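Data block for query-v6.json (JSON, C-alpha atoms):
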[["chain", "number", "residue", "atom", "x", "y", "z"],
["N", 122, "MET", "CA", -35.98, 63.86, 10.11],
["N", 123, "SER", "CA", -34.89, 61.60, 12.96],
["N", 124, "ARG", "CA", -37.49, 59.04, 11.92],
["N", 125, "GLN", "CA", -36.13, 59.01, 8.36],
["N", 126, "LEU", "CA", -32.56, 58.49, 9.61],
["N", 127, "LEU", "CA", -33.77, 55.72, 11.90],
["N", 128, "THR", "CA", -35.57, 53.92, 9.12],
["N", 129, "HIS", "CA", -32.55, 54.38, 6.84],
["N", 130, "GLN", "CA", -30.16, 52.96, 9.47],
["N", 131, "THR", "CA", -32.36, 49.97, 10.12],
["N", 132, "SER", "CA", -32.73, 49.22, 6.43],
["N", 133, "VAL", "CA", -28.97, 49.14, 5.75],
["N", 134, "PRO", "CA", -28.26, 46.01, 7.86],
["N", 135, "ASP", "CA", -31.24, 44.32, 6.25],
["N", 136, "VAL", "CA", -29.77, 44.90, 2.80],
["N", 137, "ALA", "CA", -26.36, 43.64, 3.96],
["N", 138, "ALA", "CA", -27.95, 40.56, 5.50],
["N", 139, "ASP", "CA", -29.85, 39.87, 2.30],
["N", 140, "HIS", "CA", -26.64, 40.30, 0.31],
["N", 141, "GLN", "CA", -24.85, 37.75, 2.55],
["N", 142, "THR", "CA", -27.66, 35.25, 2.22],
["N", 143, "LEU", "CA", -27.42, 35.58, -1.56],
["N", 144, "ARG", "CA", -23.66, 34.88, -1.43],
["N", 145, "LYS", "CA", -23.87, 31.71, 0.66],
["N", 146, "PRO", "CA", -25.48, 29.50, -2.00],
["N", 147, "LYS", "CA", -22.90, 30.70, -4.54],
["N", 148, "ARG", "CA", -20.05, 29.75, -2.23],
["N", 149, "ARG", "CA", -21.60, 26.36, -1.65],
["N", 150, "ASN", "CA", -21.95, 25.85, -5.38],
["N", 151, "VAL", "CA", -18.29, 26.74, -5.90],
["N", 152, "GLY", "CA", -17.27, 24.18, -3.29],
["N", 153, "LEU", "CA", -19.41, 21.50, -4.90],
["N", 154, "ALA", "CA", -17.88, 22.33, -8.27],
["N", 155, "PHE", "CA", -14.38, 21.79, -6.88],
["N", 156, "ILE", "CA", -15.15, 18.37, -5.39],
["N", 157, "ALA", "CA", -17.32, 17.22, -8.30],
["N", 158, "PRO", "CA", -14.46, 15.80, -10.45],
["N", 159, "PHE", "CA", -13.12, 13.74, -7.56],
["N", 160, "SER", "CA", -16.60, 12.59, -6.57],
["N", 161, "VAL", "CA", -17.35, 11.39, -10.10],
["N", 162, "LEU", "CA", -14.05, 9.52, -10.37],
["N", 163, "PHE", "CA", -14.47, 8.06, -6.89],
["N", 164, "LEU", "CA", -17.95, 6.87, -7.78],
["N", 165, "PHE", "CA", -17.05, 5.19, -11.07],
["N", 166, "VAL", "CA", -13.58, 3.93, -10.11],
["N", 167, "PHE", "CA", -14.25, 2.77, -6.55],
["N", 168, "ILE", "CA", -17.92, 2.53, -5.57],
["N", 169, "VAL", "CA", -19.34, 1.13, -8.81],
["N", 170, "PRO", "CA", -16.72, -1.68, -9.15],
["N", 171, "ILE", "CA", -17.26, -2.74, -5.54],
["N", 172, "GLY", "CA", -21.02, -2.77, -6.01],
["N", 173, "TYR", "CA", -20.73, -4.74, -9.24],
["N", 174, "SER", "CA", -18.35, -7.23, -7.60],
["N", 175, "ALA", "CA", -20.82, -7.74, -4.77],
["N", 176, "TYR", "CA", -23.55, -8.26, -7.34],
["N", 177, "ILE", "CA", -21.76, -10.87, -9.46],
["N", 178, "SER", "CA", -20.51, -12.67, -6.33],
["N", 179, "MET", "CA", -24.11, -13.83, -5.88],
["N", 180, "PHE", "CA", -24.11, -15.68, -9.21],
["N", 181, "GLN", "CA", -22.55, -18.80, -10.65],
["N", 182, "ASN", "CA", -22.00, -19.76, -14.28],
["N", 183, "LYS", "CA", -23.24, -23.26, -15.06],
["N", 184, "LEU", "CA", -23.03, -25.25, -18.28],
["N", 185, "ILE", "CA", -26.75, -25.93, -18.11],
["N", 186, "GLY", "CA", -28.85, -22.96, -17.17],
["N", 187, "GLY", "CA", -26.21, -20.23, -17.63],
["N", 188, "LYS", "CA", -25.87, -17.66, -14.86],
["N", 189, "VAL", "CA", -27.74, -18.74, -11.74],
["N", 190, "PHE", "CA", -28.45, -16.69, -8.61],
["N", 191, "ILE", "CA", -27.04, -18.62, -5.62],
["N", 192, "TRP", "CA", -27.15, -16.06, -2.78],
["N", 193, "PHE", "CA", -24.10, -16.50, -0.47],
["N", 194, "ASP", "CA", -23.02, -19.95, -1.65],
["N", 195, "ASN", "CA", -19.78, -18.57, -3.11],
["N", 196, "TYR", "CA", -18.78, -17.17, 0.27],
["N", 197, "ILE", "CA", -19.66, -20.41, 2.06],
["N", 198, "LYS", "CA", -17.62, -22.35, -0.48],
["N", 199, "LEU", "CA", -14.71, -19.92, -0.13],
["N", 200, "PHE", "CA", -14.42, -20.37, 3.63],
["N", 201, "GLN", "CA", -14.23, -24.12, 3.04],
["N", 202, "ASP", "CA", -11.59, -23.83, 0.31],
["N", 203, "SER", "CA", -8.17, -25.13, 1.41],
["N", 204, "GLN", "CA", -6.45, -23.48, -1.56],
["N", 205, "PHE", "CA", -7.74, -20.08, -0.46],
["N", 206, "TYR", "CA", -6.38, -20.58, 3.06],
["N", 207, "ASP", "CA", -3.07, -21.79, 1.64],
["N", 208, "GLY", "CA", -2.61, -18.55, -0.30],
["N", 209, "VAL", "CA", -3.72, -16.34, 2.60],
["N", 210, "ILE", "CA", -1.36, -18.01, 5.08],
["N", 211, "ARG", "CA", 1.54, -17.70, 2.64],
["N", 212, "VAL", "CA", 0.89, -14.00, 2.09],
["N", 213, "VAL", "CA", 0.48, -13.31, 5.82],
["N", 214, "LEU", "CA", 3.81, -15.01, 6.57],
["N", 215, "PHE", "CA", 5.42, -13.11, 3.71],
["N", 216, "THR", "CA", 4.10, -9.83, 5.12],
["N", 217, "ALA", "CA", 5.22, -10.61, 8.66],
["N", 218, "ILE", "CA", 8.80, -11.23, 7.51],
["N", 219, "GLN", "CA", 9.33, -8.97, 4.49],
["N", 220, "VAL", "CA", 7.70, -5.76, 5.74],
["N", 221, "PRO", "CA", 9.83, -5.40, 8.93],
["N", 222, "ILE", "CA", 13.03, -6.09, 6.98],
["N", 223, "MET", "CA", 12.12, -3.55, 4.31],
["N", 224, "LEU", "CA", 11.09, -0.82, 6.76],
["N", 225, "PHE", "CA", 14.14, -1.39, 8.98],
["N", 226, "SER", "CA", 16.38, -1.02, 5.92],
["N", 227, "ALA", "CA", 14.51, 2.13, 4.86],
["N", 228, "ILE", "CA", 14.90, 3.68, 8.34],
["N", 229, "ALA", "CA", 18.62, 2.84, 8.42],
["N", 230, "LEU", "CA", 19.15, 4.45, 5.01],
["N", 231, "ALA", "CA", 17.13, 7.54, 6.00],
["N", 232, "LEU", "CA", 19.16, 7.95, 9.19],
["N", 233, "ALA", "CA", 22.40, 7.55, 7.27],
["N", 234, "ILE", "CA", 21.44, 10.26, 4.78],
["N", 235, "ASP", "CA", 20.14, 12.59, 7.50],
["N", 236, "SER", "CA", 23.38, 12.28, 9.48],
["N", 237, "LEU", "CA", 25.12, 14.52, 6.89],
["N", 238, "ARG", "CA", 28.20, 12.32, 7.09],
["N", 239, "LEU", "CA", 27.78, 10.74, 3.66],
["N", 240, "HIS", "CA", 29.33, 12.24, 0.56],
["N", 241, "GLY", "CA", 27.05, 12.62, -2.44],
["N", 242, "THR", "CA", 23.76, 12.28, -0.56],
["N", 243, "ARG", "CA", 21.71, 13.50, -3.52],
["N", 244, "PHE", "CA", 23.19, 10.87, -5.80],
["N", 245, "PHE", "CA", 22.70, 8.25, -3.08],
["N", 246, "ARG", "CA", 19.01, 9.19, -2.70],
["N", 247, "ILE", "CA", 18.48, 8.83, -6.44],
["N", 248, "ILE", "CA", 20.23, 5.46, -6.58],
["N", 249, "VAL", "CA", 18.19, 4.08, -3.67],
["N", 250, "PHE", "CA", 14.91, 5.42, -5.05],
["N", 251, "LEU", "CA", 15.57, 4.35, -8.65],
["N", 252, "PRO", "CA", 14.34, 0.73, -8.22],
["N", 253, "TYR", "CA", 10.88, 2.06, -7.29],
["N", 254, "ALA", "CA", 10.67, 3.78, -10.69],
["N", 255, "ILE", "CA", 11.26, 0.47, -12.49],
["N", 256, "PRO", "CA", 8.00, -1.37, -13.35],
["N", 257, "ALA", "CA", 7.40, -4.58, -11.46],
["N", 258, "ILE", "CA", 7.38, -6.61, -14.68],
["N", 259, "VAL", "CA", 10.81, -5.33, -15.72],
["N", 260, "SER", "CA", 12.15, -5.81, -12.19],
["N", 261, "THR", "CA", 10.91, -9.39, -12.03],
["N", 262, "LEU", "CA", 12.38, -10.23, -15.43],
["N", 263, "MET", "CA", 15.71, -8.75, -14.38],
["N", 264, "TRP", "CA", 15.84, -10.66, -11.10],
["N", 265, "GLY", "CA", 14.59, -13.82, -12.80],
["N", 266, "PHE", "CA", 17.41, -13.79, -15.33],
["N", 267, "MET", "CA", 19.95, -12.90, -12.64],
["N", 268, "LEU", "CA", 18.88, -15.58, -10.14],
["N", 269, "GLY", "CA", 18.15, -18.30, -12.68],
["N", 270, "ILE", "CA", 20.32, -21.41, -12.44],
["N", 271, "ARG", "CA", 20.54, -21.94, -16.20],
["N", 272, "TYR", "CA", 21.85, -18.43, -16.87],
["N", 273, "GLY", "CA", 22.85, -15.28, -15.07],
["N", 274, "LEU", "CA", 24.82, -14.65, -11.91],
["N", 275, "ILE", "CA", 23.69, -17.61, -9.79],
["N", 276, "GLY", "CA", 24.18, -20.04, -12.68],
["N", 277, "SER", "CA", 27.73, -18.80, -13.24],
["N", 278, "LEU", "CA", 28.54, -18.98, -9.52],
["N", 279, "ASN", "CA", 27.21, -22.55, -9.35],
["N", 280, "LYS", "CA", 29.44, -23.57, -12.25],
["N", 281, "ALA", "CA", 32.48, -21.86, -10.74],
["N", 282, "ALA", "CA", 31.97, -23.24, -7.23],
["N", 283, "GLY", "CA", 30.52, -26.62, -8.20],
["N", 284, "THR", "CA", 27.34, -25.99, -6.22],
["N", 285, "SER", "CA", 23.68, -26.43, -7.09],
["N", 286, "PHE", "CA", 22.00, -23.61, -5.21],
["N", 287, "ASN", "CA", 18.61, -22.73, -6.73],
["N", 288, "PRO", "CA", 16.96, -19.46, -5.55],
["N", 289, "PHE", "CA", 13.74, -20.54, -7.24],
["N", 290, "ALA", "CA", 13.36, -23.92, -5.59],
["N", 291, "PRO", "CA", 9.92, -24.41, -3.98],
["N", 292, "GLU", "CA", 11.31, -23.77, -0.49],
["N", 293, "THR", "CA", 13.22, -20.60, -1.45],
["N", 294, "THR", "CA", 10.99, -18.99, -4.10],
["N", 295, "MET", "CA", 9.19, -16.82, -1.57],
["N", 296, "ILE", "CA", 12.53, -15.59, -0.23],
["N", 297, "SER", "CA", 13.57, -14.59, -3.75],
["N", 298, "ILE", "CA", 10.28, -12.76, -4.23],
["N", 299, "GLY", "CA", 10.89, -10.99, -0.92],
["N", 300, "VAL", "CA", 14.27, -9.81, -2.21],
["N", 301, "MET", "CA", 12.62, -8.39, -5.34],
["N", 302, "VAL", "CA", 9.90, -6.57, -3.39],
["N", 303, "THR", "CA", 12.35, -5.23, -0.78],
["N", 304, "TRP", "CA", 14.70, -3.99, -3.50],
["N", 305, "GLY", "CA", 11.87, -2.23, -5.28],
["N", 306, "PHE", "CA", 10.14, -0.47, -2.37],
["N", 307, "THR", "CA", 12.87, 0.30, 0.16],
["N", 308, "GLY", "CA", 13.78, 3.55, -1.59],
["N", 309, "TYR", "CA", 10.17, 4.75, -1.59],
["N", 310, "ASN", "CA", 9.82, 4.19, 2.16],
["N", 311, "MET", "CA", 13.25, 5.70, 2.73],
["N", 312, "LEU", "CA", 12.12, 8.99, 1.19],
["N", 313, "ILE", "CA", 9.08, 9.08, 3.48],
["N", 314, "PHE", "CA", 11.28, 8.62, 6.55],
["N", 315, "TYR", "CA", 13.84, 11.10, 5.28],
["N", 316, "ALA", "CA", 11.15, 13.74, 4.77],
["N", 317, "ALA", "CA", 9.98, 13.22, 8.34],
["N", 318, "LEU", "CA", 13.54, 13.64, 9.63],
["N", 319, "ARG", "CA", 14.03, 16.82, 7.62],
["N", 320, "ALA", "CA", 11.01, 18.31, 9.39],
["N", 321, "VAL", "CA", 12.82, 18.11, 12.75],
["N", 322, "PRO", "CA", 14.52, 21.47, 13.56],
["N", 323, "ARG", "CA", 18.32, 21.24, 13.45],
["N", 324, "GLU", "CA", 18.48, 23.43, 16.54],
["N", 325, "LEU", "CA", 17.08, 20.51, 18.52],
["N", 326, "TYR", "CA", 20.06, 18.36, 17.53],
["N", 327, "GLU", "CA", 22.47, 21.15, 18.41],
["N", 328, "ALA", "CA", 20.86, 21.63, 21.82],
["N", 329, "ALA", "CA", 21.07, 17.90, 22.53],
["N", 330, "ALA", "CA", 24.75, 17.85, 21.51],
["N", 331, "ILE", "CA", 25.49, 20.82, 23.78],
["N", 332, "ASP", "CA", 23.83, 18.93, 26.66],
["N", 333, "GLY", "CA", 26.26, 16.07, 26.06],
["N", 334, "ALA", "CA", 24.00, 13.66, 24.16],
["N", 335, "SER", "CA", 25.80, 11.17, 21.95],
["N", 336, "GLU", "CA", 24.81, 10.43, 18.36],
["N", 337, "PHE", "CA", 23.13, 7.22, 19.46],
["N", 338, "GLN", "CA", 21.10, 9.07, 22.11],
["N", 339, "ILE", "CA", 20.03, 11.69, 19.54],
["N", 340, "VAL", "CA", 18.84, 8.92, 17.21],
["N", 341, "ARG", "CA", 17.03, 7.07, 19.98],
["N", 342, "HIS", "CA", 15.34, 9.99, 21.75],
["N", 343, "ILE", "CA", 14.81, 12.52, 18.93],
["N", 344, "LYS", "CA", 14.98, 10.99, 15.46],
["N", 345, "LEU", "CA", 13.19, 7.68, 16.02],
["N", 346, "PRO", "CA", 10.22, 9.28, 17.87],
["N", 347, "ALA", "CA", 9.93, 11.72, 14.96],
["N", 348, "LEU", "CA", 9.41, 8.75, 12.62],
["N", 349, "ARG", "CA", 6.48, 7.30, 14.57],
["N", 350, "SER", "CA", 3.67, 8.79, 12.45],
["N", 351, "SER", "CA", 5.40, 8.09, 9.14],
["N", 352, "LEU", "CA", 6.12, 4.54, 10.30],
["N", 353, "ILE", "CA", 2.40, 3.90, 10.77],
["N", 354, "VAL", "CA", 1.72, 5.16, 7.25],
["N", 355, "THR", "CA", 4.43, 3.00, 5.68],
["N", 356, "ILE", "CA", 3.28, -0.08, 7.60],
["N", 357, "ILE", "CA", -0.29, 0.37, 6.33],
["N", 358, "PHE", "CA", 0.86, 0.92, 2.74],
["N", 359, "SER", "CA", 3.21, -2.06, 2.92],
["N", 360, "ILE", "CA", 0.53, -4.38, 4.29],
["N", 361, "ILE", "CA", -1.87, -3.36, 1.54],
["N", 362, "GLY", "CA", 0.83, -3.84, -1.09],
["N", 363, "THR", "CA", 2.00, -7.26, 0.06],
["N", 364, "PHE", "CA", -1.54, -8.58, 0.37],
["N", 365, "GLN", "CA", -1.94, -7.65, -3.31],
["N", 366, "LEU", "CA", 1.15, -9.65, -4.33],
["N", 367, "PHE", "CA", 0.61, -10.75, -7.92],
["N", 368, "ASN", "CA", 3.11, -9.54, -10.54],
["N", 369, "GLU", "CA", 6.24, -11.25, -9.26],
["N", 370, "PRO", "CA", 4.88, -14.80, -8.78],
["N", 371, "ASN", "CA", 2.72, -14.57, -11.89],
["N", 372, "ILE", "CA", 5.69, -13.70, -14.13],
["N", 373, "LEU", "CA", 7.95, -16.27, -12.49],
["N", 374, "THR", "CA", 5.53, -19.06, -13.43],
["N", 375, "THR", "CA", 6.58, -18.66, -17.07],
["N", 376, "LEU", "CA", 10.15, -17.52, -16.43],
["N", 377, "VAL", "CA", 11.41, -20.38, -14.25],
["N", 378, "SER", "CA", 10.40, -24.00, -13.87],
["N", 379, "ASN", "CA", 9.78, -26.12, -10.77],
["N", 380, "SER", "CA", 9.41, -23.04, -8.59],
["N", 381, "GLY", "CA", 6.45, -24.35, -6.63],
["N", 382, "ILE", "CA", 4.26, -21.43, -7.74],
["N", 383, "THR", "CA", 0.71, -22.61, -8.28],
["N", 384, "SER", "CA", -2.42, -20.88, -9.52],
["N", 385, "TYR", "CA", -3.41, -20.28, -5.88],
["N", 386, "TYR", "CA", 0.04, -19.20, -4.68],
["N", 387, "THR", "CA", -1.41, -15.86, -3.54],
["N", 388, "PRO", "CA", -5.06, -14.78, -3.18],
["N", 389, "ASN", "CA", -4.74, -12.38, -6.11],
["N", 390, "MET", "CA", -3.34, -15.12, -8.33],
["N", 391, "TYR", "CA", -6.16, -17.41, -7.25],
["N", 392, "ALA", "CA", -8.80, -14.79, -8.07],
["N", 393, "TYR", "CA", -7.17, -14.14, -11.46],
["N", 394, "SER", "CA", -7.07, -17.85, -12.26],
["N", 395, "LEU", "CA", -10.69, -18.35, -11.26],
["N", 396, "ALA", "CA", -11.94, -15.39, -13.28],
["N", 397, "PHE", "CA", -9.94, -15.74, -16.50],
["N", 398, "THR", "CA", -9.06, -19.43, -16.63],
["N", 399, "GLY", "CA", -11.81, -21.20, -14.73],
["N", 400, "SER", "CA", -14.66, -18.89, -15.84],
["N", 401, "GLN", "CA", -15.79, -18.53, -12.22],
["N", 402, "GLN", "CA", -16.23, -14.77, -12.07],
["N", 403, "GLY", "CA", -18.70, -14.92, -9.18],
["N", 404, "TYR", "CA", -16.39, -17.01, -7.03],
["N", 405, "ALA", "CA", -13.44, -14.74, -7.91],
["N", 406, "ALA", "CA", -15.48, -11.66, -6.96],
["N", 407, "ALA", "CA", -16.36, -13.20, -3.59],
["N", 408, "LEU", "CA", -12.68, -13.96, -2.98],
["N", 409, "ALA", "CA", -11.66, -10.40, -3.89],
["N", 410, "LEU", "CA", -14.25, -8.86, -1.57],
["N", 411, "VAL", "CA", -13.26, -11.08, 1.34],
["N", 412, "MET", "CA", -9.59, -10.19, 0.86],
["N", 413, "ALA", "CA", -10.49, -6.49, 0.65],
["N", 414, "VAL", "CA", -12.35, -6.66, 3.97],
["N", 415, "PHE", "CA", -9.50, -8.66, 5.52],
["N", 416, "THR", "CA", -6.89, -6.14, 4.33],
["N", 417, "ILE", "CA", -8.93, -3.14, 5.51],
["N", 418, "ALA", "CA", -9.44, -4.75, 8.93],
["N", 419, "ILE", "CA", -5.73, -5.38, 9.46],
["N", 420, "ALA", "CA", -4.73, -1.93, 8.19],
["N", 421, "TYR", "CA", -7.33, -0.33, 10.48],
["N", 422, "ALA", "CA", -6.09, -2.33, 13.46],
["N", 423, "VAL", "CA", -2.51, -1.21, 12.78],
["N", 424, "GLN", "CA", -3.66, 2.40, 12.52],
["N", 425, "ILE", "CA", -5.62, 2.28, 15.79],
["N", 426, "LYS", "CA", -2.73, 0.59, 17.58],
["N", 427, "GLY", "CA", -0.28, 3.17, 16.27],
["N", 428, "MET", "CA", -2.51, 6.07, 17.26],
["N", 429, "LYS", "CA", -2.92, 4.69, 20.78],
["N", 430, "ASN", "CA", 0.84, 4.35, 21.19],
["N", 431, "ALA", "CA", 1.36, 7.87, 19.88],
["N", 432, "PHE", "CA", -1.19, 9.41, 22.30],
["N", 433, "ASN", "CA", 0.14, 7.41, 25.25],
["N", 434, "LYS", "CA", 3.60, 8.71, 24.68]]

Would you kindly transcribe this structure into structure tokens?
Amino acid sequence: MSRQLLTHQTSVPDVAADHQTLRKPKRRNVGLAFIAPFSVLFLFVFIVPIGYSAYISMFQNKLIGGKVFIWFDNYIKLFQDSQFYDGVIRVVLFTAIQVPIMLFSAIALALAIDSLRLHGTRFFRIIVFLPYAIPAIVSTLMWGFMLGIRYGLIGSLNKAAGTSFNPFAPETTMISIGVMVTWGFTGYNMLIFYAALRAVPRELYEAAAIDGASEFQIVRHIKLPALRSSLIVTIIFSIIGTFQLFNEPNILTTLVSNSGITSYYTPNMYAYSLAFTGSQQGYAAALALVMAVFTIAIAYAVQIKGMKNAFNK
């Protein structure tokens, strides 16, 4: 009898173990089923286009002979192209000036809303965020008509004051584009900062006020450090967005005249012109891949720098 009980007791764990081993593959299959839609989209929307771009960047279309395999000649030609460097330098300068102004404005607006001293904060949030919901094409058309010297606000002011200020002169066109981009994306970044501020417990502010901290000290020592992680995210997103600058200058080429905008005004415009106007798809693909690597490198450097500062503090 004791032997039968012993064999029965030893067999029960074996059955349970076998049952668990049968469940593990099912759980793994369920997990794979959940990530399968994303994996398929990621493959066909991201990996395949990059691979195809790398493939066609090795070819060149010629009048005699058609498509010819030229190895890395497109990349060698690109790094010797003065028009490519002209567009890259312009976009880098634009990023270095426009992004800090935009993020500083977004932080100031987020702090103002979080202070609870403004009336109608919900309406104010909607008004500030509303420009982000407007498509870039519509926004550019609106600003183009408003800043144009032949019509709109600036044209009327010039007639009234007897001046000849032109926001779309070659030396001021990039400033006007910066105004459009800042107007469109400040509200989006403001919401990110405001969400980070809302995550800070209100009891912390009350404790600081009881200890005699002023409003400026609360902002400096509590609120601004709470924005550090969200600031890194917005900087990375803003760098990626400004390096892809295309809609605003491309639309302004047909909307205004003598603006100084060329086919290589930005790297994206240059790639578009090469691919669809110059029939140089291979050269355009090489340019796009180089700019992608350049953008990823800068965004990664910003992320590493921000993480180091966060851990040090």

(request) Could you jot down the atom CA of N:Val166 to atom CA of N:Val213 separation for me, Å, one decimal place? (result) 27.4 Å

(request) Return the single residue from N:Leu232, N:Ile275, N:Val249, N:Met267 that is closest to N:Ala317, with distances computed using all atoms listed in the file. (result)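 Of all the options, N:Leu232 lies closest to N:Ala317.
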
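Checking N:Asn368, N:Ile177, N:Phe314, N:Tyr391 one by one against N:Ser203, counting all atoms listed in the file, you find the shortest gap at N:Tyr391.
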
(message) Using only C-alpha atoms, which protein or nucleic acid residues come within 9 Å of N:Asn389? Drop anything in the same chain fewer than 4 positions from it, and give the result as a PyMOL selection string.
(response) chain N and resi 208+364-367+385+393-394+408-409+412

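Residue nearest N:Ile222, chosen from N:Ser351, N:Asn379, N:Ser359, N:Ser236 and counting all atoms listed in the file: N:Ser359.
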
(message) I'd like the interatomic distance between atom CA of N:Ile357 and atom CA of N:Ala420, to a tenth of an Å.
(response)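 Computed distance, atom CA of N:Ile357 to atom CA of N:Ala420, equals 5.3 Å.
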
Find the residues around stretch 305-307 of chain N up to 7 Å (all atoms listed in the file counted), leave out those fewer than 2 positions away in its own chain, and share them as a PDB file with C-alpha atoms, keeping the file's coordinate frame.
ATOM      1  CA  MET N 223      12.120  -3.550   4.310  1.00  0.00           C
ATOM      2  CA  LEU N 224      11.090  -0.820   6.760  1.00  0.00           C
ATOM      3  CA  SER N 226      16.380  -1.020   5.920  1.00  0.00           C
ATOM      4  CA  ALA N 227      14.510   2.130   4.860  1.00  0.00           C
ATOM      5  CA  PRO N 252      14.340   0.730  -8.220  1.00  0.00           C
ATOM      6  CA  TYR N 253      10.880   2.060  -7.290  1.00  0.00           C
ATOM      7  CA  MET N 301      12.620  -8.390  -5.340  1.00  0.00           C
ATOM      8  CA  VAL N 302       9.900  -6.570  -3.390  1.00  0.00           C
ATOM      9  CA  THR N 303      12.350  -5.230  -0.780  1.00  0.00           C
ATOM     10  CA  TYR N 309      10.170   4.750  -1.590  1.00  0.00           C
ATOM     11  CA  ASN N 310       9.820   4.190   2.160  1.00  0.00           C
ATOM     12  CA  MET N 311      13.250   5.700   2.730  1.00  0.00           C
TER      13      MET N 311
END

(request) State, in Å with one decimal place, the distance from atom CA of N:Ser178 to atom CA of N:Tyr404. (result)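 That distance, rounded to one decimal, is 6.0 Å.
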
(message) Calculated over only C-alpha atoms, which of the candidates N:Gly283, N:Gly265, N:Pro346, N:Pro388 has the smallest distance to N:Val209?
(response)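 For N:Val209, the nearest of the candidates is N:Pro388.
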
(message) Would you pick out the contacts of N:Gly187 at 12 Å or less, using all atoms listed in the file, so that residues sharing its chain but fewer than 6 positions from it are not included, and give the list as a PyMOL selection string?
(response) chain N and resi 180-181+400-401
